[in-house]
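Next up, model-v1.cif (mmCIF, N, CA and C atoms):
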data_entry
#
loop_
_atom_site.label_atom_id
_atom_site.label_comp_id
_atom_site.auth_asym_id
_atom_site.auth_seq_id
_atom_site.Cartn_x
_atom_site.Cartn_y
_atom_site.Cartn_z
N MET A 1 95.36 -92.51 -104.71
CA MET A 1 95.39 -93.30 -105.92
C MET A 1 95.20 -92.41 -107.15
N SER A 2 94.36 -91.42 -107.03
CA SER A 2 94.11 -90.51 -108.14
C SER A 2 95.37 -89.72 -108.49
N SER A 3 96.13 -89.29 -107.47
CA SER A 3 97.36 -88.56 -107.75
C SER A 3 98.40 -89.46 -108.40
N ARG A 4 98.40 -90.75 -108.05
CA ARG A 4 99.32 -91.70 -108.69
C ARG A 4 99.00 -91.83 -110.18
N ARG A 5 97.70 -91.92 -110.51
CA ARG A 5 97.29 -91.99 -111.92
C ARG A 5 97.68 -90.72 -112.66
N ASN A 6 97.52 -89.58 -112.03
CA ASN A 6 97.89 -88.31 -112.67
C ASN A 6 99.39 -88.28 -112.95
N LEU A 7 100.20 -88.75 -112.00
CA LEU A 7 101.65 -88.77 -112.21
C LEU A 7 102.02 -89.72 -113.35
N LEU A 8 101.37 -90.87 -113.40
CA LEU A 8 101.63 -91.80 -114.49
C LEU A 8 101.23 -91.20 -115.83
N ALA A 9 100.11 -90.53 -115.87
CA ALA A 9 99.67 -89.89 -117.11
C ALA A 9 100.65 -88.82 -117.55
N LEU A 10 101.14 -88.02 -116.61
CA LEU A 10 102.13 -86.99 -116.94
C LEU A 10 103.43 -87.61 -117.44
N ALA A 11 103.84 -88.70 -116.83
CA ALA A 11 105.06 -89.37 -117.25
C ALA A 11 104.91 -90.00 -118.64
N ALA A 12 103.74 -90.50 -118.94
CA ALA A 12 103.51 -91.18 -120.22
C ALA A 12 103.27 -90.21 -121.37
N ALA A 13 102.84 -89.00 -121.07
CA ALA A 13 102.49 -88.04 -122.13
C ALA A 13 103.62 -87.80 -123.12
N PRO A 14 104.87 -87.55 -122.68
CA PRO A 14 105.94 -87.34 -123.67
C PRO A 14 106.18 -88.56 -124.56
N LEU A 15 106.04 -89.76 -123.98
CA LEU A 15 106.21 -90.98 -124.78
C LEU A 15 105.12 -91.10 -125.83
N LEU A 16 103.90 -90.81 -125.45
CA LEU A 16 102.78 -90.86 -126.38
C LEU A 16 102.96 -89.84 -127.49
N LEU A 17 103.38 -88.63 -127.13
CA LEU A 17 103.60 -87.58 -128.12
C LEU A 17 104.70 -88.00 -129.09
N ALA A 18 105.80 -88.56 -128.57
CA ALA A 18 106.89 -89.00 -129.43
C ALA A 18 106.44 -90.11 -130.38
N ALA A 19 105.63 -91.03 -129.87
CA ALA A 19 105.12 -92.11 -130.72
C ALA A 19 104.25 -91.57 -131.84
N CYS A 20 103.41 -90.60 -131.52
CA CYS A 20 102.54 -90.00 -132.54
C CYS A 20 103.37 -89.27 -133.58
N GLN A 21 104.38 -88.54 -133.16
CA GLN A 21 105.23 -87.81 -134.09
C GLN A 21 106.06 -88.76 -134.95
N ALA A 22 106.37 -89.93 -134.43
CA ALA A 22 107.15 -90.90 -135.19
C ALA A 22 106.30 -91.69 -136.17
N GLY A 23 105.01 -91.42 -136.19
CA GLY A 23 104.13 -92.12 -137.11
C GLY A 23 103.58 -93.42 -136.55
N VAL A 24 103.82 -93.68 -135.29
CA VAL A 24 103.29 -94.89 -134.68
C VAL A 24 101.83 -94.62 -134.37
N GLY A 25 100.99 -95.41 -134.92
CA GLY A 25 99.56 -95.20 -134.73
C GLY A 25 98.91 -96.47 -134.25
N PRO A 26 97.64 -96.53 -134.44
CA PRO A 26 96.92 -97.73 -134.01
C PRO A 26 97.37 -98.95 -134.81
N ALA A 27 97.17 -100.10 -134.23
CA ALA A 27 97.51 -101.35 -134.91
C ALA A 27 96.69 -101.47 -136.19
N PRO A 28 97.26 -102.11 -137.20
CA PRO A 28 96.50 -102.26 -138.45
C PRO A 28 95.29 -103.17 -138.27
N GLN A 29 94.30 -102.93 -139.10
CA GLN A 29 93.15 -103.83 -139.16
C GLN A 29 93.59 -105.02 -140.01
N ARG A 30 93.28 -106.23 -139.57
CA ARG A 30 93.73 -107.42 -140.29
C ARG A 30 92.54 -108.29 -140.70
N TYR A 31 92.67 -108.82 -141.91
CA TYR A 31 91.66 -109.72 -142.46
C TYR A 31 92.42 -110.90 -143.07
N VAL A 32 91.87 -112.09 -142.94
CA VAL A 32 92.54 -113.29 -143.45
C VAL A 32 91.59 -114.05 -144.37
N VAL A 33 92.12 -114.39 -145.55
CA VAL A 33 91.38 -115.16 -146.54
C VAL A 33 92.11 -116.50 -146.69
N PHE A 34 91.37 -117.60 -146.57
CA PHE A 34 91.95 -118.93 -146.69
C PHE A 34 91.66 -119.53 -148.06
N PHE A 35 92.56 -120.41 -148.50
CA PHE A 35 92.47 -121.04 -149.82
C PHE A 35 92.56 -122.55 -149.68
N THR A 36 92.06 -123.24 -150.69
CA THR A 36 92.23 -124.69 -150.73
C THR A 36 93.63 -124.99 -151.27
N GLU A 37 94.04 -126.24 -151.11
CA GLU A 37 95.37 -126.65 -151.54
C GLU A 37 95.55 -126.44 -153.04
N ASP A 38 96.72 -125.92 -153.41
CA ASP A 38 97.12 -125.72 -154.81
C ASP A 38 96.18 -124.80 -155.57
N SER A 39 95.53 -123.85 -154.90
CA SER A 39 94.57 -122.99 -155.55
C SER A 39 94.72 -121.54 -155.11
N ALA A 40 94.43 -120.64 -156.05
CA ALA A 40 94.35 -119.22 -155.74
C ALA A 40 92.92 -118.71 -155.95
N ALA A 41 91.98 -119.64 -156.13
CA ALA A 41 90.58 -119.26 -156.35
C ALA A 41 89.92 -118.87 -155.04
N LEU A 42 89.08 -117.86 -155.11
CA LEU A 42 88.34 -117.41 -153.93
C LEU A 42 87.01 -118.16 -153.83
N ASN A 43 86.64 -118.47 -152.61
CA ASN A 43 85.30 -119.00 -152.38
C ASN A 43 84.41 -117.85 -151.89
N GLU A 44 83.15 -118.12 -151.65
CA GLU A 44 82.21 -117.07 -151.25
C GLU A 44 82.64 -116.39 -149.95
N ASN A 45 83.14 -117.17 -149.00
CA ASN A 45 83.60 -116.60 -147.73
C ASN A 45 84.77 -115.65 -147.95
N GLY A 46 85.72 -116.06 -148.79
CA GLY A 46 86.87 -115.20 -149.10
C GLY A 46 86.44 -113.90 -149.76
N GLU A 47 85.49 -113.99 -150.68
CA GLU A 47 84.99 -112.78 -151.35
C GLU A 47 84.33 -111.83 -150.34
N GLN A 48 83.59 -112.38 -149.37
CA GLN A 48 82.95 -111.56 -148.34
C GLN A 48 84.01 -110.88 -147.46
N ILE A 49 85.05 -111.60 -147.11
CA ILE A 49 86.11 -111.01 -146.29
C ILE A 49 86.79 -109.87 -147.04
N ILE A 50 87.00 -110.04 -148.33
CA ILE A 50 87.63 -108.98 -149.11
C ILE A 50 86.70 -107.77 -149.23
N ARG A 51 85.40 -108.00 -149.38
CA ARG A 51 84.44 -106.88 -149.41
C ARG A 51 84.50 -106.11 -148.09
N THR A 52 84.58 -106.83 -146.98
CA THR A 52 84.66 -106.19 -145.67
C THR A 52 85.96 -105.39 -145.54
N ALA A 53 87.06 -105.97 -146.00
CA ALA A 53 88.35 -105.28 -145.96
C ALA A 53 88.34 -104.04 -146.86
N ALA A 54 87.71 -104.15 -148.02
CA ALA A 54 87.63 -103.01 -148.94
C ALA A 54 86.82 -101.88 -148.32
N ALA A 55 85.75 -102.21 -147.62
CA ALA A 55 84.95 -101.18 -146.94
C ALA A 55 85.78 -100.49 -145.86
N ALA A 56 86.55 -101.26 -145.11
CA ALA A 56 87.41 -100.68 -144.08
C ALA A 56 88.49 -99.81 -144.71
N ALA A 57 89.07 -100.26 -145.81
CA ALA A 57 90.09 -99.47 -146.50
C ALA A 57 89.50 -98.18 -147.08
N GLY A 58 88.27 -98.27 -147.57
CA GLY A 58 87.61 -97.08 -148.09
C GLY A 58 87.33 -96.05 -147.02
N ALA A 59 87.11 -96.52 -145.79
CA ALA A 59 86.86 -95.61 -144.67
C ALA A 59 88.14 -94.98 -144.14
N ALA A 60 89.29 -95.47 -144.57
CA ALA A 60 90.59 -94.93 -144.15
C ALA A 60 91.42 -94.67 -145.40
N PRO A 61 91.05 -93.65 -146.19
CA PRO A 61 91.66 -93.47 -147.51
C PRO A 61 93.16 -93.17 -147.51
N ALA A 62 93.73 -92.76 -146.39
CA ALA A 62 95.16 -92.48 -146.34
C ALA A 62 95.98 -93.71 -145.93
N ALA A 63 95.32 -94.76 -145.47
CA ALA A 63 96.03 -95.93 -144.97
C ALA A 63 96.57 -96.78 -146.11
N ARG A 64 97.79 -97.26 -145.93
CA ARG A 64 98.38 -98.21 -146.87
C ARG A 64 97.77 -99.59 -146.61
N ILE A 65 97.77 -100.42 -147.62
CA ILE A 65 97.23 -101.77 -147.52
C ILE A 65 98.34 -102.74 -147.92
N THR A 66 98.60 -103.71 -147.05
CA THR A 66 99.60 -104.73 -147.35
C THR A 66 98.87 -106.06 -147.51
N VAL A 67 99.18 -106.74 -148.61
CA VAL A 67 98.58 -108.04 -148.91
C VAL A 67 99.72 -109.06 -148.90
N LEU A 68 99.67 -109.95 -147.90
CA LEU A 68 100.71 -110.96 -147.71
C LEU A 68 100.17 -112.32 -148.14
N GLY A 69 100.85 -112.98 -149.08
CA GLY A 69 100.43 -114.29 -149.56
C GLY A 69 101.28 -115.39 -148.96
N PHE A 70 100.65 -116.49 -148.57
CA PHE A 70 101.34 -117.63 -147.97
C PHE A 70 100.93 -118.93 -148.65
N ALA A 71 101.78 -119.93 -148.50
CA ALA A 71 101.50 -121.28 -148.99
C ALA A 71 101.97 -122.27 -147.95
N GLY A 72 101.47 -123.49 -148.04
CA GLY A 72 101.92 -124.56 -147.15
C GLY A 72 103.30 -125.04 -147.56
N PRO A 73 103.94 -125.86 -146.72
CA PRO A 73 105.29 -126.33 -147.01
C PRO A 73 105.37 -127.53 -147.95
N ALA A 74 104.25 -128.20 -148.21
CA ALA A 74 104.29 -129.38 -149.08
C ALA A 74 104.53 -128.95 -150.53
N GLY A 75 105.27 -129.73 -151.26
CA GLY A 75 105.54 -129.43 -152.66
C GLY A 75 106.83 -128.66 -152.83
N SER A 76 107.11 -128.27 -154.06
CA SER A 76 108.37 -127.59 -154.35
C SER A 76 108.34 -126.13 -153.88
N ALA A 77 109.50 -125.62 -153.55
CA ALA A 77 109.60 -124.23 -153.11
C ALA A 77 109.15 -123.28 -154.22
N GLY A 78 109.51 -123.60 -155.45
CA GLY A 78 109.13 -122.74 -156.58
C GLY A 78 107.63 -122.66 -156.76
N PHE A 79 106.95 -123.82 -156.69
CA PHE A 79 105.50 -123.83 -156.82
C PHE A 79 104.86 -123.06 -155.68
N ASN A 80 105.34 -123.28 -154.45
CA ASN A 80 104.74 -122.60 -153.30
C ASN A 80 104.95 -121.10 -153.35
N GLN A 81 106.10 -120.66 -153.85
CA GLN A 81 106.32 -119.22 -154.01
C GLN A 81 105.35 -118.67 -155.05
N ALA A 82 105.18 -119.40 -156.15
CA ALA A 82 104.28 -118.94 -157.21
C ALA A 82 102.83 -118.90 -156.73
N ILE A 83 102.39 -119.90 -155.97
CA ILE A 83 100.99 -119.91 -155.52
C ILE A 83 100.76 -118.82 -154.48
N SER A 84 101.75 -118.55 -153.63
CA SER A 84 101.56 -117.46 -152.66
C SER A 84 101.48 -116.12 -153.38
N ASP A 85 102.24 -115.96 -154.46
CA ASP A 85 102.17 -114.74 -155.27
C ASP A 85 100.82 -114.64 -155.96
N ALA A 86 100.35 -115.75 -156.55
CA ALA A 86 99.06 -115.74 -157.25
C ALA A 86 97.92 -115.42 -156.29
N ARG A 87 97.96 -115.97 -155.09
CA ARG A 87 96.92 -115.69 -154.10
C ARG A 87 96.92 -114.22 -153.71
N ALA A 88 98.11 -113.69 -153.42
CA ALA A 88 98.19 -112.28 -153.01
C ALA A 88 97.73 -111.36 -154.14
N ARG A 89 98.13 -111.64 -155.36
CA ARG A 89 97.73 -110.79 -156.50
C ARG A 89 96.23 -110.88 -156.74
N HIS A 90 95.66 -112.08 -156.59
CA HIS A 90 94.22 -112.24 -156.80
C HIS A 90 93.43 -111.43 -155.76
N VAL A 91 93.88 -111.48 -154.51
CA VAL A 91 93.22 -110.69 -153.47
C VAL A 91 93.39 -109.20 -153.75
N ALA A 92 94.59 -108.77 -154.12
CA ALA A 92 94.81 -107.36 -154.44
C ALA A 92 93.95 -106.92 -155.62
N ASP A 93 93.87 -107.73 -156.66
CA ASP A 93 93.03 -107.40 -157.82
C ASP A 93 91.56 -107.28 -157.40
N THR A 94 91.13 -108.14 -156.50
CA THR A 94 89.74 -108.09 -156.04
C THR A 94 89.50 -106.83 -155.22
N LEU A 95 90.48 -106.40 -154.42
CA LEU A 95 90.36 -105.13 -153.70
C LEU A 95 90.24 -103.96 -154.69
N VAL A 96 91.01 -104.01 -155.77
CA VAL A 96 90.93 -102.96 -156.79
C VAL A 96 89.55 -102.96 -157.44
N GLN A 97 89.01 -104.15 -157.72
CA GLN A 97 87.66 -104.25 -158.29
C GLN A 97 86.61 -103.67 -157.33
N GLN A 98 86.92 -103.68 -156.04
CA GLN A 98 86.01 -103.13 -155.02
C GLN A 98 86.21 -101.62 -154.86
N GLY A 99 87.09 -101.01 -155.66
CA GLY A 99 87.26 -99.56 -155.65
C GLY A 99 88.48 -99.05 -154.92
N ILE A 100 89.36 -99.93 -154.47
CA ILE A 100 90.58 -99.49 -153.78
C ILE A 100 91.65 -99.21 -154.84
N PRO A 101 92.26 -98.02 -154.82
CA PRO A 101 93.30 -97.72 -155.81
C PRO A 101 94.50 -98.67 -155.68
N ALA A 102 94.96 -99.19 -156.80
CA ALA A 102 96.07 -100.13 -156.81
C ALA A 102 97.33 -99.54 -156.17
N GLY A 103 97.51 -98.24 -156.29
CA GLY A 103 98.68 -97.57 -155.72
C GLY A 103 98.75 -97.61 -154.21
N ARG A 104 97.66 -97.93 -153.55
CA ARG A 104 97.65 -98.03 -152.08
C ARG A 104 98.04 -99.41 -151.59
N ILE A 105 98.16 -100.36 -152.51
CA ILE A 105 98.33 -101.76 -152.12
C ILE A 105 99.76 -102.23 -152.35
N ASP A 106 100.37 -102.79 -151.30
CA ASP A 106 101.68 -103.43 -151.40
C ASP A 106 101.46 -104.95 -151.39
N ILE A 107 101.93 -105.63 -152.42
CA ILE A 107 101.77 -107.08 -152.52
C ILE A 107 103.08 -107.73 -152.10
N ARG A 108 102.99 -108.64 -151.13
CA ARG A 108 104.20 -109.31 -150.62
C ARG A 108 103.96 -110.82 -150.50
N PRO A 109 104.30 -111.57 -151.55
CA PRO A 109 104.19 -113.02 -151.44
C PRO A 109 105.30 -113.55 -150.53
N ARG A 110 104.93 -114.31 -149.53
CA ARG A 110 105.90 -114.82 -148.55
C ARG A 110 106.34 -116.24 -148.85
N GLY A 111 105.62 -116.93 -149.70
CA GLY A 111 105.99 -118.30 -150.02
C GLY A 111 105.55 -119.29 -148.97
N PRO A 112 106.22 -120.43 -148.90
CA PRO A 112 105.79 -121.49 -147.99
C PRO A 112 106.11 -121.15 -146.54
N VAL A 113 105.20 -121.53 -145.66
CA VAL A 113 105.40 -121.42 -144.22
C VAL A 113 105.01 -122.76 -143.59
N PRO A 114 105.55 -123.09 -142.44
CA PRO A 114 105.19 -124.37 -141.80
C PRO A 114 103.71 -124.41 -141.45
N PHE A 115 103.19 -125.62 -141.41
CA PHE A 115 101.82 -125.79 -140.94
C PHE A 115 101.73 -125.26 -139.52
N GLU A 116 100.63 -124.66 -139.22
CA GLU A 116 100.41 -124.17 -137.87
C GLU A 116 99.51 -125.19 -137.17
N ALA A 117 98.37 -124.79 -136.65
CA ALA A 117 97.48 -125.73 -135.99
C ALA A 117 96.89 -126.73 -136.97
N MET A 118 96.66 -126.28 -138.20
CA MET A 118 96.12 -127.16 -139.25
C MET A 118 96.63 -126.67 -140.60
N PRO A 119 96.76 -127.56 -141.58
CA PRO A 119 97.34 -127.18 -142.87
C PRO A 119 96.67 -125.99 -143.55
N THR A 120 95.37 -125.87 -143.43
CA THR A 120 94.69 -124.78 -144.14
C THR A 120 95.13 -123.40 -143.66
N GLU A 121 95.65 -123.30 -142.44
CA GLU A 121 96.09 -121.99 -141.94
C GLU A 121 97.30 -121.47 -142.69
N SER A 122 98.09 -122.35 -143.28
CA SER A 122 99.26 -121.92 -144.03
C SER A 122 98.86 -121.40 -145.42
N ARG A 123 97.72 -121.83 -145.91
CA ARG A 123 97.26 -121.44 -147.25
C ARG A 123 96.34 -120.24 -147.10
N ARG A 124 96.96 -119.05 -147.02
CA ARG A 124 96.17 -117.86 -146.70
C ARG A 124 96.77 -116.62 -147.33
N VAL A 125 95.95 -115.57 -147.31
CA VAL A 125 96.40 -114.22 -147.60
C VAL A 125 95.94 -113.35 -146.44
N GLU A 126 96.85 -112.54 -145.94
CA GLU A 126 96.52 -111.58 -144.89
C GLU A 126 96.46 -110.19 -145.50
N ILE A 127 95.41 -109.47 -145.17
CA ILE A 127 95.25 -108.08 -145.61
C ILE A 127 95.41 -107.22 -144.36
N ALA A 128 96.37 -106.30 -144.39
CA ALA A 128 96.59 -105.39 -143.27
C ALA A 128 96.33 -103.97 -143.77
N ILE A 129 95.46 -103.26 -143.09
CA ILE A 129 95.11 -101.88 -143.46
C ILE A 129 95.66 -100.96 -142.38
N GLY A 130 96.56 -100.07 -142.78
CA GLY A 130 97.17 -99.14 -141.83
C GLY A 130 98.28 -99.79 -141.05
N GLY A 131 98.72 -99.05 -140.03
CA GLY A 131 99.76 -99.61 -139.16
C GLY A 131 101.12 -99.24 -139.48
#

If you convert what's in this file into structure tokens, what do you get?
Amino acid sequence: MSSRRNLLALAAAPLLLAACQAGVGPAPQRYVVFFTEDSAALNENGEQIIRTAAAAAGAAPAARITVLGFAGPAGSAGFNQAISDARARHVADTLVQQGIPAGRIDIRPRGPVPFEAMPTESRRVEIAIGG
């Protein structure tokens, strides 16, 4: 059994090396901030999540940060696109206030998405660090 593991490790080594050279690294760290309907205001829980994300981003100074904004499907497409943008920008601005350079942050408002398990899950911003 040990020799089988050694053979598998030898076979996998070139693939692992190629992945590392291609820039494929560990999965990004993800944080999710939820919002109330028709709002881009942060609550205390959202502020704490952003502080945690900012600490993680500070510990990985070379990692890019992607901030994805979402909205629920109810209402007009234009309003939902605008609120997803406002949410993403507010989270990004809060990361900057926490000491993260704005140049490291990519803001991507996604607009409306279908309800998932519950409506509040669609009203969110996802912060991805690295990846």

key: Distance query Val33 of chain A at most 7 Å, only N, CA and C atoms, self and fewer than 5 positions along chain excluded, as a list in words   =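 The residues satisfying every condition are Asn45, Gly46, Ile49, Ile50, Arg123, Arg124, Val125, Glu126 and Ile127 of chain A.
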
task = Identify all residues satisfying the PyMOL selection byres (((chain A and resi 112 and name CA) around 8) and name CA) in the given file; provide them as number ranges by chain.
result = A: 70-73, 77, 80-81, 84, 110-111, 113-114, 122

What does the file look like for those residues with N, CA and C atoms, as a PDB file, in the coordinates of the input?
ATOM      1  N   PHE A  70     100.650-116.490-148.570  1.00  0.00           N
ATOM      2  CA  PHE A  70     101.340-117.630-147.970  1.00  0.00           C
ATOM      3  C   PHE A  70     100.930-118.930-148.650  1.00  0.00           C
ATOM      4  N   ALA A  71     101.780-119.930-148.500  1.00  0.00           N
ATOM      5  CA  ALA A  71     101.500-121.280-148.990  1.00  0.00           C
ATOM      6  C   ALA A  71     101.970-122.270-147.950  1.00  0.00           C
ATOM      7  N   GLY A  72     101.470-123.490-148.040  1.00  0.00           N
ATOM      8  CA  GLY A  72     101.920-124.560-147.150  1.00  0.00           C
ATOM      9  C   GLY A  72     103.300-125.040-147.560  1.00  0.00           C
ATOM     10  N   PRO A  73     103.940-125.860-146.720  1.00  0.00           N
ATOM     11  CA  PRO A  73     105.290-126.330-147.010  1.00  0.00           C
ATOM     12  C   PRO A  73     105.370-127.530-147.950  1.00  0.00           C
ATOM     13  N   ALA A  77     109.500-125.620-153.550  1.00  0.00           N
ATOM     14  CA  ALA A  77     109.600-124.230-153.110  1.00  0.00           C
ATOM     15  C   ALA A  77     109.150-123.280-154.220  1.00  0.00           C
ATOM     16  N   ASN A  80     105.340-123.280-154.450  1.00  0.00           N
ATOM     17  CA  ASN A  80     104.740-122.600-153.300  1.00  0.00           C
ATOM     18  C   ASN A  80     104.950-121.100-153.350  1.00  0.00           C
ATOM     19  N   GLN A  81     106.100-120.660-153.850  1.00  0.00           N
ATOM     20  CA  GLN A  81     106.320-119.220-154.010  1.00  0.00           C
ATOM     21  C   GLN A  81     105.350-118.670-155.050  1.00  0.00           C
ATOM     22  N   SER A  84     101.750-118.550-153.630  1.00  0.00           N
ATOM     23  CA  SER A  84     101.560-117.460-152.660  1.00  0.00           C
ATOM     24  C   SER A  84     101.480-116.120-153.380  1.00  0.00           C
ATOM     25  N   ARG A 110     104.930-114.310-149.530  1.00  0.00           N
ATOM     26  CA  ARG A 110     105.900-114.820-148.550  1.00  0.00           C
ATOM     27  C   ARG A 110     106.340-116.240-148.850  1.00  0.00           C
ATOM     28  N   GLY A 111     105.620-116.930-149.700  1.00  0.00           N
ATOM     29  CA  GLY A 111     105.990-118.300-150.020  1.00  0.00           C
ATOM     30  C   GLY A 111     105.550-119.290-148.970  1.00  0.00           C
ATOM     31  N   VAL A 113     105.200-121.530-145.660  1.00  0.00           N
ATOM     32  CA  VAL A 113     105.400-121.420-144.220  1.00  0.00           C
ATOM     33  C   VAL A 113     105.010-122.760-143.590  1.00  0.00           C
ATOM     34  N   PRO A 114     105.550-123.090-142.440  1.00  0.00           N
ATOM     35  CA  PRO A 114     105.190-124.370-141.800  1.00  0.00           C
ATOM     36  C   PRO A 114     103.710-124.410-141.450  1.00  0.00           C
ATOM     37  N   SER A 122      98.090-122.350-143.280  1.00  0.00           N
ATOM     38  CA  SER A 122      99.260-121.920-144.030  1.00  0.00           C
ATOM     39  C   SER A 122      98.860-121.400-145.420  1.00  0.00           C
TER      40      SER A 122
END

task = Let me know the residues the PyMOL selection byres ((chain A and resi 66) around 6.5) catches in the file above, as an MDAnalysis selection string.
result = chainID A and resid 64:65 67:68 104:108 126:130

Hey, can you spit out that residue selection with N, CA and C atoms as a PDB file, keeping the file's coordinate frame?
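New file again06.pdb:
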ATOM      1  N   ARG A  64      97.790 -97.260-145.930  1.00  0.00           N
ATOM      2  CA  ARG A  64      98.380 -98.210-146.870  1.00  0.00           C
ATOM      3  C   ARG A  64      97.770 -99.590-146.610  1.00  0.00           C
ATOM      4  N   ILE A  65      97.770-100.420-147.620  1.00  0.00           N
ATOM      5  CA  ILE A  65      97.230-101.770-147.520  1.00  0.00           C
ATOM      6  C   ILE A  65      98.340-102.740-147.920  1.00  0.00           C
ATOM      7  N   VAL A  67      99.180-106.740-148.610  1.00  0.00           N
ATOM      8  CA  VAL A  67      98.580-108.040-148.910  1.00  0.00           C
ATOM      9  C   VAL A  67      99.720-109.060-148.900  1.00  0.00           C
ATOM     10  N   LEU A  68      99.670-109.950-147.900  1.00  0.00           N
ATOM     11  CA  LEU A  68     100.710-110.960-147.710  1.00  0.00           C
ATOM     12  C   LEU A  68     100.170-112.320-148.140  1.00  0.00           C
ATOM     13  N   ARG A 104      97.660 -97.930-153.550  1.00  0.00           N
ATOM     14  CA  ARG A 104      97.650 -98.030-152.080  1.00  0.00           C
ATOM     15  C   ARG A 104      98.040 -99.410-151.590  1.00  0.00           C
ATOM     16  N   ILE A 105      98.160-100.360-152.510  1.00  0.00           N
ATOM     17  CA  ILE A 105      98.330-101.760-152.120  1.00  0.00           C
ATOM     18  C   ILE A 105      99.760-102.230-152.350  1.00  0.00           C
ATOM     19  N   ASP A 106     100.370-102.790-151.300  1.00  0.00           N
ATOM     20  CA  ASP A 106     101.680-103.430-151.400  1.00  0.00           C
ATOM     21  C   ASP A 106     101.460-104.950-151.390  1.00  0.00           C
ATOM     22  N   ILE A 107     101.930-105.630-152.420  1.00  0.00           N
ATOM     23  CA  ILE A 107     101.770-107.080-152.520  1.00  0.00           C
ATOM     24  C   ILE A 107     103.080-107.730-152.100  1.00  0.00           C
ATOM     25  N   ARG A 108     102.990-108.640-151.130  1.00  0.00           N
ATOM     26  CA  ARG A 108     104.200-109.310-150.620  1.00  0.00           C
ATOM     27  C   ARG A 108     103.960-110.820-150.500  1.00  0.00           C
ATOM     28  N   GLU A 126      96.850-112.540-145.940  1.00  0.00           N
ATOM     29  CA  GLU A 126      96.520-111.580-144.890  1.00  0.00           C
ATOM     30  C   GLU A 126      96.460-110.190-145.500  1.00  0.00           C
ATOM     31  N   ILE A 127      95.410-109.470-145.170  1.00  0.00           N
ATOM     32  CA  ILE A 127      95.250-108.080-145.610  1.00  0.00           C
ATOM     33  C   ILE A 127      95.410-107.220-144.360  1.00  0.00           C
ATOM     34  N   ALA A 128      96.370-106.300-144.390  1.00  0.00           N
ATOM     35  CA  ALA A 128      96.590-105.390-143.270  1.00  0.00           C
ATOM     36  C   ALA A 128      96.330-103.970-143.770  1.00  0.00           C
ATOM     37  N   ILE A 129      95.460-103.260-143.090  1.00  0.00           N
ATOM     38  CA  ILE A 129      95.110-101.880-143.460  1.00  0.00           C
ATOM     39  C   ILE A 129      95.660-100.960-142.380  1.00  0.00           C
ATOM     40  N   GLY A 130      96.560-100.070-142.780  1.00  0.00           N
ATOM     41  CA  GLY A 130      97.170 -99.140-141.830  1.00  0.00           C
ATOM     42  C   GLY A 130      98.280 -99.790-141.050  1.00  0.00           C
TER      43      GLY A 130
END

task = Identify which of the residues A:Ala74, A:Pro101, A:Pro61, A:Val91 lies closest to Val32 of chain A, counting only C-alpha atoms when measuring atom-to-atom distances.
result =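 Counting only C-alpha atoms, the residue closest to Val32 of chain A is A:Val91.
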
ask   = Excluding same-chain residues fewer than 4 positions from Thr94 of chain A, what lies within 8 Å of it counting only N, CA and C atoms, as a PyMOL selection string?
value = chain A and resi 50-51+54+88-90+98-100

task = Using atom N of Asp85 of chain A and atom N of Asn43 of chain A as the two end points, give the distance in Å to one decimal.
result = 15.9 Å

Length of the atom CA of Glu37 of chain A to atom C of Ala55 of chain A vector [Å] =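 Atom-to-atom, atom CA of Glu37 of chain A and atom C of Ala55 of chain A are spaced 28.4 Å apart.
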
query = What does the distance between atom CA of Ala59 of chain A and atom CA of Ala92 of chain A come to in Å, to one decimal place?
reply =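 One can read the atom CA of Ala59 of chain A to atom CA of Ala92 of chain A distance as 17.2 Å.
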